[in-house]
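Participant: Take a look at this one; I'll ask things after.
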Amino acid sequence: MENNFYPFVNLPLPYSCDALEPFIDEQTMQLHHGRHLQTYIENLNETLKDHPSLQRLSLDHLLQNCCRIPQALQTPVCNNAGGVFNHRFFFECLANPAQERPDGPLAAAIDRTFGSFDNCMSNLRTAALSVFGSGYAWLVDNYGKLKIITTANQDTPLAQGSRPILTIDVWEHSYYLKHYTDRVCYFENWCKVINWKKASENYLQSQPAPLETGCCNIHPNFKGNAQR
Ligand code: MN
């Protein structure tokens with residue numbers, strides 16, 4: 001089930017609230033999905049309710065083009081659409097039981113970019129711990145290159161032209177009930193419930209379609225006879 005257009009609804013989680021135990025606790029998931037995400041959804045609908053032209057834009061489109069919408073609406077739209085996008089994305093990237101690490105093209109891209117899976121996760125950990133206050137750490141595809149980035153508050157990688165592959169929400173509401181202020185312990189537990197299958201799908205979707213092979217497959221830089 002998809003819900004990328006106004007009115008936004010809080011889609012059920014793809015698993016039960018206790019499915020991530022003992023790594024992420026049931027009560028945290030109930031509040032995170034049922035209250036925090038719910039509030040962003042209600043506020044986004046409220047922000048858009050008198051703006052039919054914005055209601056026709058998808059969630060991704062709102063976020064990618066936030067600077068083009070009327071200025072008075074930019075902050076509430078970016079914050080609330082970001083809160084909806086980021087939370088849906090974060091929740092989809094969780095699973096229990098989970099694969100320990102990715103395989104296939106994503107695993108190969110991680111090795112190419114970071115040298116090893118362990119080095120990638122070490123960089124992601126450093127990024128997650130470096131977020132001051134509330135935000136997210138991400139593995140993204142930025143124009144064909146894997147990168148680890150952080151975003152503040154409910155900013156999204158979409159606004160910077162990056163395609164998200166994986167994220168960890170490091171707002172304290174994500175871990176305070178179980179881990180108190182221990183973000184390191186939360187990160188380590190989160191590593192046990194990463195949905196690498198979903199991350200791999202995200203990676204494949206972020207890649208440009210391969211060029212068709214055949215006699216018409218001329219490289220875009222091919223100049224033909226122009227240089228004779
Ligand atoms: Mn959150």
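To be explicit about the labels: the chains of the structure tokens are called A, B, and onward in the order shown, and within each one the residues are counted from 1, while ligands get numbers from 1 in the order they are shown.
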With only C-alpha atoms as the counted atoms, please give the residues lying no more than 9 Å from Trp171 of chain A, apart from itself and same-chain residues fewer than 2 positions off, as a list in words.
Facilitator: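 Using only C-alpha atoms, the neighbours found are Gly133, Ser134, Gly135, Tyr136, Asn153, Asp169, His173, Ser174, Tyr175 and Tyr176 of chain A.
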Participant: Store the residues picked out above, limited to C-alpha atoms, as an mmCIF file, in the first residue's frame.
Facilitator:
```cif
data_model
loop_
_atom_site.group_PDB
_atom_site.id
_atom_site.type_symbol
_atom_site.label_atom_id
_atom_site.label_comp_id
_atom_site.auth_asym_id
_atom_site.auth_seq_id
_atom_site.Cartn_x
_atom_site.Cartn_y
_atom_site.Cartn_z
ATOM 1 C CA GLY A 133 20.691 17.334 18.978
ATOM 2 C CA SER A 134 18.109 15.749 16.719
ATOM 3 C CA GLY A 135 18.587 14.324 13.252
ATOM 4 C CA TYR A 136 19.576 11.315 11.192
ATOM 5 C CA ASN A 153 15.893 17.873 12.525
ATOM 6 C CA ASP A 169 16.916 8.152 13.434
ATOM 7 C CA HIS A 173 12.583 9.693 21.151
ATOM 8 C CA SER A 174 13.985 6.794 19.070
ATOM 9 C CA TYR A 175 15.864 5.308 21.995
ATOM 10 C CA TYR A 176 15.332 7.179 25.257
#
```
Participant: Leaving out segment 83-87 of chain A and any residue of its chain fewer than 6 positions from it, which residues lie within 8 Å of it when counting only C-alpha atoms, given as a PDB file with N, CA, C and O atoms, in the first residue's frame?
Facilitator:
```pdb
ATOM      1  N   HIS A  33       5.807   5.361  16.139  1.00  0.00           N
ATOM      2  CA  HIS A  33       4.900   5.257  14.989  1.00  0.00           C
ATOM      3  C   HIS A  33       3.547   5.896  15.277  1.00  0.00           C
ATOM      4  O   HIS A  33       3.029   6.681  14.482  1.00  0.00           O
ATOM      5  N   LEU A  37       5.192   9.909  14.377  1.00  0.00           N
ATOM      6  CA  LEU A  37       4.882   9.956  12.943  1.00  0.00           C
ATOM      7  C   LEU A  37       3.454  10.452  12.725  1.00  0.00           C
ATOM      8  O   LEU A  37       3.201  11.262  11.822  1.00  0.00           O
ATOM      9  N   TYR A  40       3.331  14.216  12.649  1.00  0.00           N
ATOM     10  CA  TYR A  40       3.824  14.807  11.393  1.00  0.00           C
ATOM     11  C   TYR A  40       2.776  14.674  10.294  1.00  0.00           C
ATOM     12  O   TYR A  40       2.591  15.593   9.486  1.00  0.00           O
ATOM     13  N   ILE A  41       2.096  13.540  10.245  1.00  0.00           N
ATOM     14  CA  ILE A  41       1.067  13.326   9.223  1.00  0.00           C
ATOM     15  C   ILE A  41      -0.083  14.318   9.407  1.00  0.00           C
ATOM     16  O   ILE A  41      -0.521  14.969   8.450  1.00  0.00           O
ATOM     17  N   LEU A  59       4.800  13.361  -2.043  1.00  0.00           N
ATOM     18  CA  LEU A  59       5.649  13.644  -0.885  1.00  0.00           C
ATOM     19  C   LEU A  59       7.097  13.914  -1.320  1.00  0.00           C
ATOM     20  O   LEU A  59       7.712  14.897  -0.889  1.00  0.00           O
ATOM     21  N   ASP A  60       7.628  13.069  -2.187  1.00  0.00           N
ATOM     22  CA  ASP A  60       9.002  13.269  -2.677  1.00  0.00           C
ATOM     23  C   ASP A  60       9.136  14.605  -3.394  1.00  0.00           C
ATOM     24  O   ASP A  60      10.111  15.331  -3.216  1.00  0.00           O
ATOM     25  N   GLN A 154      14.267  17.485  10.704  1.00  0.00           N
ATOM     26  CA  GLN A 154      13.596  16.626   9.721  1.00  0.00           C
ATOM     27  C   GLN A 154      14.021  16.967   8.291  1.00  0.00           C
ATOM     28  O   GLN A 154      13.262  16.751   7.342  1.00  0.00           O
ATOM     29  N   THR A 156      15.843  16.260   4.797  1.00  0.00           N
ATOM     30  CA  THR A 156      15.968  14.973   4.101  1.00  0.00           C
ATOM     31  C   THR A 156      17.097  15.035   3.078  1.00  0.00           C
ATOM     32  O   THR A 156      17.433  16.110   2.577  1.00  0.00           O
ATOM     33  N   ASP A 169      17.509   6.991  12.753  1.00  0.00           N
ATOM     34  CA  ASP A 169      16.916   8.152  13.434  1.00  0.00           C
ATOM     35  C   ASP A 169      17.622   8.288  14.782  1.00  0.00           C
ATOM     36  O   ASP A 169      17.597   7.358  15.591  1.00  0.00           O
TER      37      ASP A 169
END
```
Participant: Between A:Ile24, A:Met1, A:Leu11, A:Ile148, which residue has the minimum interatomic distance to Lys178 of chain A, considering only C-alpha atoms?
Facilitator: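 Smallest distance to Lys178 of chain A is found for A:Ile24.
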Participant: Which residue is closest to ligand 1? Choose from A:Ala152, A:Ala199, A:Val193, A:Val170 and count only C-alpha atoms and all ligand atoms.
Facilitator: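 For ligand 1, the nearest of the given residues is A:Val170.
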Participant: Which of these, A:Ser200, A:Leu13, A:Leu124, A:His36, has the shortest distance to Glu188 of chain A once you count only C-alpha atoms?
Facilitator: A:Leu124
Participant: Could you pull the residues within 12 Å of Leu106 of chain A, counting only C-alpha atoms, minus those fewer than 6 positions along the same chain, as a list in words?
Facilitator: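 With the cut-off at 12 Å, the set is Arg112, Thr113, Phe114, Ser116, Phe117, Cys120, Leu139, Val140, Asp141, Lys145, Leu146, Ile165, Leu166, Trp196, Lys197, Lys198, Ala199, Ser200, Glu201, Asn202, Tyr203, Leu204, Gln205, Ser206 and Gln207 of chain A.
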Participant: Write a file of the selected residues as a CSV table (one decimal), in the first residue's frame, keeping C-alpha atoms.
Facilitator:
```csv
chain,number,residue,atom,x,y,z
A,112,ARG,CA,34.4,-0.3,-3.6
A,113,THR,CA,33.6,3.0,-1.8
A,114,PHE,CA,34.6,2.3,1.8
A,116,SER,CA,35.1,-2.9,3.6
A,117,PHE,CA,31.7,-3.3,5.2
A,120,CYS,CA,31.3,1.7,6.2
A,139,LEU,CA,23.9,6.0,3.7
A,140,VAL,CA,22.9,7.6,0.4
A,141,ASP,CA,23.6,7.5,-3.3
A,145,LYS,CA,28.5,7.6,-5.4
A,146,LEU,CA,27.8,6.1,-2.0
A,165,ILE,CA,19.6,3.8,1.0
A,166,LEU,CA,19.6,3.4,4.8
A,196,TRP,CA,19.6,-5.0,4.4
A,197,LYS,CA,17.2,-6.5,1.9
A,198,LYS,CA,15.3,-3.3,1.8
A,199,ALA,CA,18.5,-1.2,1.7
A,200,SER,CA,19.7,-3.3,-1.3
A,201,GLU,CA,16.4,-2.5,-3.1
A,202,ASN,CA,16.8,1.2,-2.3
A,203,TYR,CA,20.3,1.0,-3.8
A,204,LEU,CA,19.1,-0.7,-7.0
A,205,GLN,CA,16.3,1.9,-7.4
A,206,SER,CA,18.8,4.7,-7.0
A,207,GLN,CA,20.9,3.6,-9.9
```
Participant: Choose the residue, out of A:Asn96, A:Gln55, A:Asn10, A:Thr28, that has the smallest atom-to-atom separation from ligand 1; count only C-alpha atoms and all ligand atoms.
Facilitator: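 The answer is A:Thr28, which sits nearest to ligand 1.
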Participant: Run DSSP on the backbone of this structure and report the residues of segment 7-222 of chain A it assigns to helix (DSSP H, G or I), as a PyMOL selection string.
Facilitator: chain A and resi 26-48+52-55+59-64+66-68+71-92+104-114+117-130+157-160+172-174+176-179+183-191+196-206
Participant: Hey, what does DSSP flag as strand (DSSP E or B) within segment 42-214 of chain A? Can you give it to me as an mmCIF file with N, CA, C and O atoms, in the first residue's frame?
Facilitator:
```cif
data_model
loop_
_atom_site.group_PDB
_atom_site.id
_atom_site.type_symbol
_atom_site.label_atom_id
_atom_site.label_comp_id
_atom_site.auth_asym_id
_atom_site.auth_seq_id
_atom_site.Cartn_x
_atom_site.Cartn_y
_atom_site.Cartn_z
ATOM 1 N N LEU A 94 14.020 -1.427 8.899
ATOM 2 C CA LEU A 94 14.208 -2.264 10.086
ATOM 3 C C LEU A 94 13.568 -3.629 9.845
ATOM 4 O O LEU A 94 12.517 -3.724 9.192
ATOM 5 N N GLY A 135 18.365 14.478 14.681
ATOM 6 C CA GLY A 135 18.587 14.324 13.252
ATOM 7 C C GLY A 135 18.759 12.867 12.884
ATOM 8 O O GLY A 135 18.304 11.976 13.599
ATOM 9 N N TYR A 136 19.434 12.659 11.764
ATOM 10 C CA TYR A 136 19.576 11.315 11.192
ATOM 11 C C TYR A 136 20.978 11.168 10.612
ATOM 12 O O TYR A 136 21.583 12.149 10.182
ATOM 13 N N ALA A 137 21.465 9.929 10.594
ATOM 14 C CA ALA A 137 22.642 9.589 9.790
ATOM 15 C C ALA A 137 22.161 8.668 8.670
ATOM 16 O O ALA A 137 21.252 7.856 8.878
ATOM 17 N N TRP A 138 22.764 8.822 7.501
ATOM 18 C CA TRP A 138 22.273 8.145 6.290
ATOM 19 C C TRP A 138 23.408 7.536 5.495
ATOM 20 O O TRP A 138 24.497 8.113 5.412
ATOM 21 N N LEU A 139 23.092 6.418 4.841
ATOM 22 C CA LEU A 139 23.868 5.954 3.695
ATOM 23 C C LEU A 139 23.047 6.356 2.478
ATOM 24 O O LEU A 139 21.859 6.009 2.387
ATOM 25 N N VAL A 140 23.656 7.131 1.586
ATOM 26 C CA VAL A 140 22.917 7.631 0.420
ATOM 27 C C VAL A 140 23.708 7.372 -0.856
ATOM 28 O O VAL A 140 24.922 7.148 -0.825
ATOM 29 N N ASP A 141 22.998 7.447 -1.967
ATOM 30 C CA ASP A 141 23.639 7.518 -3.271
ATOM 31 C C ASP A 141 23.549 8.967 -3.726
ATOM 32 O O ASP A 141 22.460 9.517 -3.856
ATOM 33 N N ASN A 142 24.719 9.565 -3.927
ATOM 34 C CA ASN A 142 24.759 10.951 -4.367
ATOM 35 C C ASN A 142 25.336 10.979 -5.770
ATOM 36 O O ASN A 142 26.545 10.848 -5.939
ATOM 37 N N LYS A 145 27.482 7.955 -6.388
ATOM 38 C CA LYS A 145 28.531 7.624 -5.423
ATOM 39 C C LYS A 145 27.911 7.431 -4.049
ATOM 40 O O LYS A 145 27.115 8.256 -3.601
ATOM 41 N N LEU A 146 28.276 6.347 -3.378
ATOM 42 C CA LEU A 146 27.783 6.137 -2.013
ATOM 43 C C LEU A 146 28.443 7.145 -1.082
ATOM 44 O O LEU A 146 29.638 7.412 -1.183
ATOM 45 N N LYS A 147 27.638 7.672 -0.157
ATOM 46 C CA LYS A 147 28.163 8.618 0.823
ATOM 47 C C LYS A 147 27.460 8.408 2.143
ATOM 48 O O LYS A 147 26.311 7.958 2.168
ATOM 49 N N ILE A 148 28.129 8.776 3.213
ATOM 50 C CA ILE A 148 27.479 8.825 4.518
ATOM 51 C C ILE A 148 27.308 10.293 4.882
ATOM 52 O O ILE A 148 28.268 11.076 4.806
ATOM 53 N N ILE A 149 26.082 10.650 5.210
ATOM 54 C CA ILE A 149 25.792 12.054 5.534
ATOM 55 C C ILE A 149 24.933 12.103 6.796
ATOM 56 O O ILE A 149 24.390 11.088 7.229
ATOM 57 N N THR A 150 24.824 13.277 7.361
ATOM 58 C CA THR A 150 23.877 13.494 8.455
ATOM 59 C C THR A 150 22.933 14.616 8.038
ATOM 60 O O THR A 150 23.272 15.456 7.196
ATOM 61 N N THR A 151 21.734 14.583 8.629
ATOM 62 C CA THR A 151 20.797 15.689 8.423
ATOM 63 C C THR A 151 20.284 16.115 9.791
ATOM 64 O O THR A 151 20.193 15.295 10.714
ATOM 65 N N ALA A 152 19.955 17.389 9.913
ATOM 66 C CA ALA A 152 19.448 17.925 11.171
ATOM 67 C C ALA A 152 17.920 17.913 11.167
ATOM 68 O O ALA A 152 17.283 18.039 10.100
ATOM 69 N N ARG A 163 19.837 10.117 -3.001
ATOM 70 C CA ARG A 163 18.832 9.077 -2.861
ATOM 71 C C ARG A 163 19.170 8.239 -1.635
ATOM 72 O O ARG A 163 20.247 7.652 -1.565
ATOM 73 N N PRO A 164 18.272 8.180 -0.648
ATOM 74 C CA PRO A 164 18.588 7.439 0.573
ATOM 75 C C PRO A 164 18.594 5.922 0.366
ATOM 76 O O PRO A 164 17.791 5.390 -0.404
ATOM 77 N N ILE A 165 19.496 5.260 1.053
ATOM 78 C CA ILE A 165 19.588 3.798 1.015
ATOM 79 C C ILE A 165 19.274 3.216 2.388
ATOM 80 O O ILE A 165 18.603 2.199 2.504
ATOM 81 N N LEU A 166 19.752 3.902 3.432
ATOM 82 C CA LEU A 166 19.583 3.408 4.801
ATOM 83 C C LEU A 166 19.668 4.606 5.736
ATOM 84 O O LEU A 166 20.427 5.536 5.470
ATOM 85 N N THR A 167 18.900 4.574 6.834
ATOM 86 C CA THR A 167 19.028 5.661 7.808
ATOM 87 C C THR A 167 18.839 5.167 9.227
ATOM 88 O O THR A 167 18.159 4.165 9.462
ATOM 89 N N ILE A 168 19.450 5.894 10.152
ATOM 90 C CA ILE A 168 19.167 5.721 11.579
ATOM 91 C C ILE A 168 18.662 7.052 12.128
ATOM 92 O O ILE A 168 19.296 8.106 11.930
ATOM 93 N N ASP A 169 17.509 6.991 12.753
ATOM 94 C CA ASP A 169 16.916 8.152 13.434
ATOM 95 C C ASP A 169 17.622 8.288 14.782
ATOM 96 O O ASP A 169 17.597 7.358 15.591
ATOM 97 N N ILE A 194 18.914 -4.068 11.039
ATOM 98 C CA ILE A 194 18.910 -3.350 9.760
ATOM 99 C C ILE A 194 18.326 -4.261 8.674
ATOM 100 O O ILE A 194 18.767 -5.402 8.506
#
```
Participant: Rounded to one decimal in Å, what is the spacing between atom CA of Cys191 of chain A and atom CA of Glu100 of chain A?
Facilitator: 8.1 Å
Participant: Between A:Arg88, A:Arg101, A:Arg56, A:Arg68, which is the closest to ligand 1 once you count only C-alpha atoms and all ligand atoms?
Facilitator: A:Arg88
Participant: Which residue gives the smallest distance to ligand 1 among A:Glu172, A:Lys49, A:Gly115, A:Leu57, with only C-alpha atoms and all ligand atoms counted?
Facilitator: A:Glu172
